[in-house]
Amino acid sequence: MAYRAPVGDYSSDSRLFKHRANVAALICVLLVLGLFVRLAKLQIIDYSYFADLSENNRVRLMALPPNRGLIYDRNGVILAENRPTFHLELIPEQIDDLEAMLKDLSEIVSLSERDVSEFRDAMRTHRSFESISLRTRLDDVEVARLAVNRHRFPGMDISARLTRYYPQGESAVHAVGYVGRINEKELETIDQGNYRGTSHIGKTGLERFYEDDLHGTVGQQNVEVNSEGRVLRVVDKIPPLPGNDLILSLDIELQKVAEAALGDRYGSVVAMIPQTGEVLVFASTPTYDPNLFVHGISYAKYKELQESIGKPLFNRPLFGQYPPGSTFKPFVGLAGLDARITNTDETINCKGHYLIPDDDTQRKYRDWKKEGHGQTDMDKAIEQSCDVYFYDLAYRMGIDRIHDFLAKFSFGQKTGIDLYGERSGLLPSRDWKQKVHKTIWYPGETLIAGIGQGYMLATPMQLAAATATLANKGKNVQPHLLQSIRVAETAVTEDFEPIESQFTLRNPRHWDDMFRAMKKVVHGIWGTARATGWGMKYEMAGKTGTAQVFGIAQDEKYDEETVARKLRDHGLFIAFAPYEAPRIAVAVVVDNGEHGSQMAPVARKVMDRFLLKEDKSLIQVESANDE
Amino acid sequence: MMNRTQVFEVSYNSRLASALRVIHIEPVLFLGILLLTVAGLGILYSASDSSIVMVKAQLIRLGLAFLVMLVVAQIPQSQLYLWSPWFFALGIVLLVLVLTAGDVGKGAQRWLDLYVVKFQPSEMMKLITPMMLAWYLSERPLPPTAKSLLISALLVVVPTVLIAAQPDLGTSILVAAAGFFVVFLAGLRWRVLLGIILAGLAFIPVLWRMMHDYQKQRVLTLLNPESDPLGSGYHIIQSKIAIGSGGLYGKGWLNGTQSQLDFIPERHTDFIFAVFAEEFGMMGAIVLLALYVFIILRGLYIATNAQDSFGRLLAGSLSLTFFFYLFVNVGMVSGILPVVGVPLPLVSYGGTSMVTLMAGFGMLMSISSNRRLLSR
């Protein structure tokens, strides 16, 4: 006995345990005998009763999946619908010679080896009177051929099922999203009762965000089956309640104008109505066909999409975080005016670079224009995008004041658009840097932030929302893609109600000052987007921006690397119009390689289409101008 | 007693058996488990509508569970003894974590997301609670004094309440039972046991008030399943029809109309016994239950022959818990106990409880091989 428990008399413990174990064993055996008695009661005494019940057990509950709600654009153009797709099914018990039939069928429709082998597998697990799918998604020609030859194939059936279809194809896919087969992870989170019989679920975009509305409520029917399970008749039925339809604020025609204007560039356009937050355009290029995902995309195709350099699956307006560059200047300028650090009359002398006062390093912060802009006031600094003016203004204001004022335009915060996964960008501050980088804030970083570079990041969605707030003179309206929901049950339309907030400037006239400066960007003789302003039938206020992809460390090599730098830059443009009473705000951001001024025509095409189509008064202005 | 020992020793003579004993596998218990799991796969094939995919998945889980059993069997009993209090402390901490930070799955918080695997601490408590009680009581004079009884009660109640709060009634009952079995085997006096039963009966109204609506519904449904034929009574009604219509000899494998026509809900998990009883009848059920009884008696035999109190109490409790699983499941499927979501051990489709059960058998084997090493 080398090892035993520390306390206790071994032999008496052991005897006690043996006794207890025997009692326990006896109880177990008795309880199992009790189970036998129970089974005997069910299986022998009441056998005929239960055998009868089993024989007559023929009312079966079946789920009736609801039709998914449809998605329309603001003008009633359909963006997502349910189309019947046709499937070839066979009922084995009605077929005399299956092999001969498979051979004959393969001459009419294409049947892969996989189709046939999957059919044979399914045959083993189904009863012979059940129809089994042989081919899915027949095309129109195949359906027609089968219909004509139907008499030759008893036991063959063409069944129709509704599947999601996106008639606009590649357009607006990043907003609308797509549905796909429910996966295991989703299975855990959905209400399984309501999804009985549903095979697809919203995966991205609005299809996912409004899944609960779009899906609808499952119905059910009791069907009578015979003892083999064959359905004889429907006993009763609760029809399913179809999903609610979505009516979007998106304008699909305008969306296509924007997508065409972007062409084969990699970029995004977001257009909004400032007063209501309605998102008119939500474009991200390159794009892809959502219909590929509905039936399960092939691995090769998916890999191709993922590895494509333009990253079509990437939702640029929502996930793309860019340094806003000079498009940031109007906001910084307003901050300076509101903080009374500067006024519209003050000028500085731009010599092509800026030195921080009392800085021993004598580091030169350069302007994009080597020779400088000379005497520069606010209007000129915006019109010609003078960097030195904003270095000076930012330096005098300090980062925290910039941060606090720009936060009012929701920089650094989510805009609250009705899509999942929105990025919040980054609006740096002293506290932020201490918290995240554990270092102090350097004055040089304030200068860089003043021209929208450095740590500063914004998504195209944020830029559009900030531009809308600016056009709206401080009224923030939550951007939204959904205009209203048409509830299937009551046919009542419920409008989306955006969250609104308002802030004011100490002197409201500063709004007009900034509007005027931004108008010069497009319509001034020296405006950076003046080429776009020519021949415009309304007046636009805007701001170009060119954002360095890499940070301030390369600042010193600025000049030598002009060519290489160009390749890395993002082109940006923000604008609103008409200047007097803005009705549309647009942000254009294009990855790599172009100046912001080249983005202005993209915005103009969108605005032309939107403003000139609807507003007859503008056309009159046009003719008046012509005279 | 000696006679029975000799009968069991006979099987030890084969070469395979001695090979198994080298890797701490107790051949007789192992044979019983193996037979049961093979039969279980056959039943699952029928219950899953002849789904090869599900049988394969179950086979993989079984492989994993056997591996876990093999690994646990290698842990010396003395090591299990030393680890018990630490495991228990860790288990309680994890249960508290689940309640505060767990993932809500299907309306109940049971899972702790460990990023790599989702992990259900309550499942581990089915083993850790009896380990802890065996550890505690084996150090004290038996039968236990009033003081050690009180502390034992506390050691059972804390994990039980924490698990019941998730809420997971099925598991909390199993944990409580496992703990109780240790105390019973340690020699809990009969009059105290009677007192506990009476107190328990008095507690029923309190328990009733604490129960969730769906749990109350299950009890009410048990009393009168016909009151809610399409709701929660549906399980019991259909399951009873399946068992009853199986008769003495059954309808034959893959031929149960109730099962194959989809009338039995959850027929591959908790209600798999109904499928079996329909297709193999009363005779099949007797054979299956006999196999279970064989495993349980073998477990108790190992317990009786364990070298010290810790081994005895732990092995005995694990065997009785296995029985408890069986009884609750068959009782609920045949309509004499409420539906509490306890699987048919080693047969129902699903992974978590299978791994726990096999880890428990691993402990039994470790305790068994400890005895042999010492008696040499």
# chains A, B, ... in the order shown; residues from 1 in each chain; ligands from 1
>>> closest_atom_pairs(of="chain B", to="chain A", cutoff="7 Å", atoms="only C-alpha atoms", output="CSV")
residue,atom,partner,partner_atom,distance
B:Asp49,CA,A:Thr125,CA,6.4
B:Ser50,CA,A:Thr125,CA,6.1
B:Gly105,CA,A:Glu188,CA,6.8
B:Lys106,CA,A:Glu188,CA,7.0
B:Ser138,CA,A:Ala5,CA,6.4
B:Glu139,CA,A:Val7,CA,5.4
B:Arg140,CA,A:Val7,CA,6.0
B:Pro141,CA,A:Gly8,CA,5.1
B:Leu142,CA,A:Asp13,CA,6.4
B:Leu185,CA,A:Arg20,CA,5.4
B:Ala186,CA,A:Phe17,CA,6.5
B:Gly187,CA,A:Leu16,CA,6.6
B:Ile241,CA,A:Phe50,CA,5.1
B:Ile243,CA,A:Gln43,CA,6.4
B:Gly244,CA,A:Gln43,CA,4.2
B:Ser245,CA,A:Ala51,CA,4.2
B:Gly246,CA,A:Gln43,CA,6.3
B:Gly247,CA,A:Gln43,CA,4.3
B:Leu248,CA,A:Gln43,CA,6.2
B:Gln258,CA,A:Ser54,CA,6.7
B:Leu261,CA,A:Gly229,CA,6.0
B:Met282,CA,A:Gln43,CA,6.4
B:Leu297,CA,A:Ala25,CA,6.7
B:Leu300,CA,A:Ala21,CA,6.5
B:Thr304,CA,A:Lys18,CA,5.7
B:Asp308,CA,A:Arg4,CA,5.4
B:Ser309,CA,A:Ala5,CA,6.5
>>> residues_around(residues="stretch 520-523 of chain A", least_positions_apart="2", cutoff="8 Å", atoms="only C-alpha atoms", output="PyMOL selection string")
chain A and resi 379+382-384+516-518+525-534+539-544
>>> write_last_selection(atoms="N, CA, C and O atoms", output="tab-separated table (two decimals), in the first residue's frame")
chain	number	residue	atom	x	y	z
A	379	ASP	N	-9.70	84.11	-49.47
A	379	ASP	CA	-10.30	83.77	-50.76
A	379	ASP	C	-9.27	83.16	-51.70
A	379	ASP	O	-9.51	82.14	-52.34
A	382	ILE	N	-8.01	79.69	-50.70
A	382	ILE	CA	-8.93	78.59	-51.06
A	382	ILE	C	-8.93	78.39	-52.57
A	382	ILE	O	-8.78	77.29	-53.08
A	383	GLU	N	-9.04	79.54	-53.30
A	383	GLU	CA	-9.15	79.48	-54.76
A	383	GLU	C	-7.95	78.77	-55.37
A	383	GLU	O	-8.10	77.93	-56.25
A	384	GLN	N	-6.74	79.13	-54.86
A	384	GLN	CA	-5.52	78.58	-55.47
A	384	GLN	C	-4.90	77.50	-54.61
A	384	GLN	O	-3.83	76.99	-54.91
A	516	ARG	N	-18.24	81.88	-50.97
A	516	ARG	CA	-17.72	82.75	-52.03
A	516	ARG	C	-16.32	82.27	-52.45
A	516	ARG	O	-16.02	82.15	-53.63
A	517	ALA	N	-15.50	81.95	-51.43
A	517	ALA	CA	-14.15	81.50	-51.75
A	517	ALA	C	-14.20	80.20	-52.55
A	517	ALA	O	-13.45	80.00	-53.51
A	518	MET	N	-15.11	79.32	-52.15
A	518	MET	CA	-15.19	78.02	-52.84
A	518	MET	C	-15.76	78.16	-54.24
A	518	MET	O	-15.46	77.36	-55.14
A	525	ILE	N	-10.73	83.22	-61.96
A	525	ILE	CA	-9.76	83.14	-63.07
A	525	ILE	C	-8.61	82.20	-62.73
A	525	ILE	O	-8.03	81.58	-63.59
A	526	TRP	N	-8.27	82.15	-61.43
A	526	TRP	CA	-7.14	81.32	-61.01
A	526	TRP	C	-7.60	80.06	-60.28
A	526	TRP	O	-6.78	79.36	-59.69
A	527	GLY	N	-8.89	79.81	-60.27
A	527	GLY	CA	-9.41	78.65	-59.51
A	527	GLY	C	-8.80	77.34	-59.97
A	527	GLY	O	-8.57	77.13	-61.15
A	528	THR	N	-8.54	76.47	-59.01
A	528	THR	CA	-7.88	75.21	-59.35
A	528	THR	C	-8.79	74.30	-60.19
A	528	THR	O	-8.31	73.40	-60.84
A	529	ALA	N	-10.11	74.57	-60.15
A	529	ALA	CA	-11.01	73.75	-60.97
A	529	ALA	C	-11.68	74.60	-62.03
A	529	ALA	O	-12.77	74.30	-62.49
A	530	ARG	N	-11.00	75.68	-62.45
A	530	ARG	CA	-11.64	76.63	-63.36
A	530	ARG	C	-12.01	75.99	-64.69
A	530	ARG	O	-13.02	76.34	-65.30
A	531	ALA	N	-11.22	75.00	-65.13
A	531	ALA	CA	-11.52	74.36	-66.41
A	531	ALA	C	-12.90	73.72	-66.39
A	531	ALA	O	-13.62	73.70	-67.39
A	532	THR	N	-13.28	73.22	-65.23
A	532	THR	CA	-14.58	72.58	-65.10
A	532	THR	C	-15.71	73.60	-65.10
A	532	THR	O	-16.84	73.29	-65.48
A	533	GLY	N	-15.41	74.81	-64.66
A	533	GLY	CA	-16.45	75.83	-64.54
A	533	GLY	C	-16.89	76.42	-65.86
A	533	GLY	O	-17.96	77.01	-65.95
A	534	TRP	N	-16.07	76.23	-66.90
A	534	TRP	CA	-16.42	76.85	-68.18
A	534	TRP	C	-17.72	76.30	-68.71
A	534	TRP	O	-17.95	75.09	-68.78
A	539	GLU	N	-24.05	77.82	-60.80
A	539	GLU	CA	-22.79	78.13	-60.15
A	539	GLU	C	-22.49	77.08	-59.08
A	539	GLU	O	-23.34	76.74	-58.25
A	540	MET	N	-21.25	76.63	-59.11
A	540	MET	CA	-20.84	75.56	-58.22
A	540	MET	C	-19.77	76.09	-57.27
A	540	MET	O	-18.95	76.92	-57.64
A	541	ALA	N	-19.82	75.64	-56.00
A	541	ALA	CA	-18.75	75.93	-55.06
A	541	ALA	C	-18.03	74.62	-54.78
A	541	ALA	O	-18.67	73.60	-54.57
A	542	GLY	N	-16.70	74.63	-54.82
A	542	GLY	CA	-15.99	73.36	-54.66
A	542	GLY	C	-14.62	73.54	-54.08
A	542	GLY	O	-14.20	74.65	-53.73
A	543	LYS	N	-13.92	72.45	-53.94
A	543	LYS	CA	-12.52	72.51	-53.51
A	543	LYS	C	-11.83	71.25	-53.99
A	543	LYS	O	-12.32	70.14	-53.80
A	544	THR	N	-10.68	71.48	-54.66
A	544	THR	CA	-9.89	70.34	-55.12
A	544	THR	C	-8.98	69.87	-53.99
A	544	THR	O	-8.70	70.61	-53.06
>>> residues_around(residues="stretch 113-115 of chain A", least_positions_apart="6", cutoff="10 Å", atoms="only C-alpha atoms", output="number ranges by chain")
A: 133-136
>>> atom_distance(atom1="atom CA of A:Asn592", atom2="atom CA of A:Met461")
18.3 Å
>>> residues_around(residues="stretch 251-254 of chain B", least_positions_apart="3", cutoff="6 Å", atoms="only C-alpha atoms", output="JSON, numbers by chain")
{"B": [46, 246, 279, 280]}
>>> select_by_dssp(residues="stretch 13-122 of chain B", states="strand (DSSP E)", output="count of residues only")
11
>>> residues_around(residues="A:Leu470", least_positions_apart="2", cutoff="9 Å", atoms="only C-alpha atoms", output="PyMOL selection string")
chain A and resi 274+331+409+465-468+472-476+511+515+576
>>> select_by_dssp(residues="stretch 110-228 of chain B", states="alpha helix (DSSP H)", output="number ranges by chain")
B: 121-138, 146-164, 169-185, 190-210, 213-223
>>> residues_around(residues="A:Asn343", least_positions_apart="2", cutoff="10 Å", atoms="only C-alpha atoms", output="ChimeraX atom specification")
/A:333-334,336-341,345-347,377-378,510,513
>>> decode(residues="stretch 138-212 of chain B", atoms="C-alpha atoms", output="tab-separated table (two decimals), in the first residue's frame")
chain	number	residue	atom	x	y	z
B	138	SER	CA	-11.46	11.52	0.52
B	139	GLU	CA	-9.40	13.60	2.95
B	140	ARG	CA	-12.07	13.37	5.64
B	141	PRO	CA	-13.38	10.57	7.79
B	142	LEU	CA	-16.27	8.70	6.20
B	143	PRO	CA	-19.19	8.68	6.49
B	144	PRO	CA	-18.99	12.48	6.28
B	145	THR	CA	-19.65	14.64	9.31
B	146	ALA	CA	-22.28	17.37	9.35
B	147	LYS	CA	-19.64	19.99	8.67
B	148	SER	CA	-18.16	18.24	5.64
B	149	LEU	CA	-21.67	17.64	4.37
B	150	LEU	CA	-22.42	21.34	4.50
B	151	ILE	CA	-19.22	22.19	2.65
B	152	SER	CA	-19.95	19.43	0.09
B	153	ALA	CA	-23.40	20.88	-0.43
B	154	LEU	CA	-21.82	24.26	-1.09
B	155	LEU	CA	-19.38	22.74	-3.59
B	156	VAL	CA	-22.31	21.28	-5.52
B	157	VAL	CA	-24.69	24.21	-5.27
B	158	VAL	CA	-22.31	26.93	-6.49
B	159	PRO	CA	-21.58	25.45	-9.95
B	160	THR	CA	-25.16	24.21	-10.27
B	161	VAL	CA	-26.62	27.64	-9.67
B	162	LEU	CA	-24.09	29.30	-11.97
B	163	ILE	CA	-24.98	26.91	-14.78
B	164	ALA	CA	-28.73	27.12	-14.13
B	165	ALA	CA	-28.39	30.90	-14.45
B	166	GLN	CA	-27.04	30.66	-18.03
B	167	PRO	CA	-29.76	29.18	-18.28
B	168	ASP	CA	-28.92	25.54	-18.94
B	169	LEU	CA	-31.23	23.35	-16.90
B	170	GLY	CA	-30.10	20.03	-18.42
B	171	THR	CA	-26.43	20.53	-17.60
B	172	SER	CA	-27.05	21.98	-14.16
B	173	ILE	CA	-29.11	18.91	-13.23
B	174	LEU	CA	-26.31	16.63	-14.47
B	175	VAL	CA	-23.68	18.56	-12.47
B	176	ALA	CA	-25.80	18.45	-9.36
B	177	ALA	CA	-26.37	14.73	-9.83
B	178	ALA	CA	-22.64	14.02	-10.33
B	179	GLY	CA	-21.85	15.88	-7.09
B	180	PHE	CA	-24.66	14.21	-5.22
B	181	PHE	CA	-23.47	10.73	-6.28
B	182	VAL	CA	-20.08	11.37	-4.68
B	183	VAL	CA	-21.71	12.30	-1.40
B	184	PHE	CA	-24.02	9.31	-1.60
B	185	LEU	CA	-21.16	6.89	-2.27
B	186	ALA	CA	-19.15	8.47	0.53
B	187	GLY	CA	-21.76	7.12	2.89
B	188	LEU	CA	-24.37	9.84	3.30
B	189	ARG	CA	-26.62	8.54	6.07
B	190	TRP	CA	-30.02	7.34	4.95
B	191	ARG	CA	-31.91	9.58	7.34
B	192	VAL	CA	-30.01	12.61	6.03
B	193	LEU	CA	-30.83	11.50	2.48
B	194	LEU	CA	-34.49	11.24	3.44
B	195	GLY	CA	-34.28	14.74	4.91
B	196	ILE	CA	-32.76	16.08	1.68
B	197	ILE	CA	-35.51	14.47	-0.38
B	198	LEU	CA	-38.19	16.01	1.81
B	199	ALA	CA	-36.49	19.40	1.69
B	200	GLY	CA	-36.28	19.01	-2.07
B	201	LEU	CA	-39.99	18.38	-2.31
B	202	ALA	CA	-40.63	21.46	-0.21
B	203	PHE	CA	-38.37	23.41	-2.56
B	204	ILE	CA	-40.39	22.52	-5.66
B	205	PRO	CA	-42.70	25.56	-5.50
B	206	VAL	CA	-39.66	27.83	-5.20
B	207	LEU	CA	-38.01	26.10	-8.14
B	208	TRP	CA	-41.20	26.47	-10.13
B	209	ARG	CA	-41.11	30.20	-9.63
B	210	MET	CA	-37.48	30.35	-10.76
B	211	MET	CA	-38.06	28.39	-13.94
B	212	HIS	CA	-38.22	30.00	-17.36
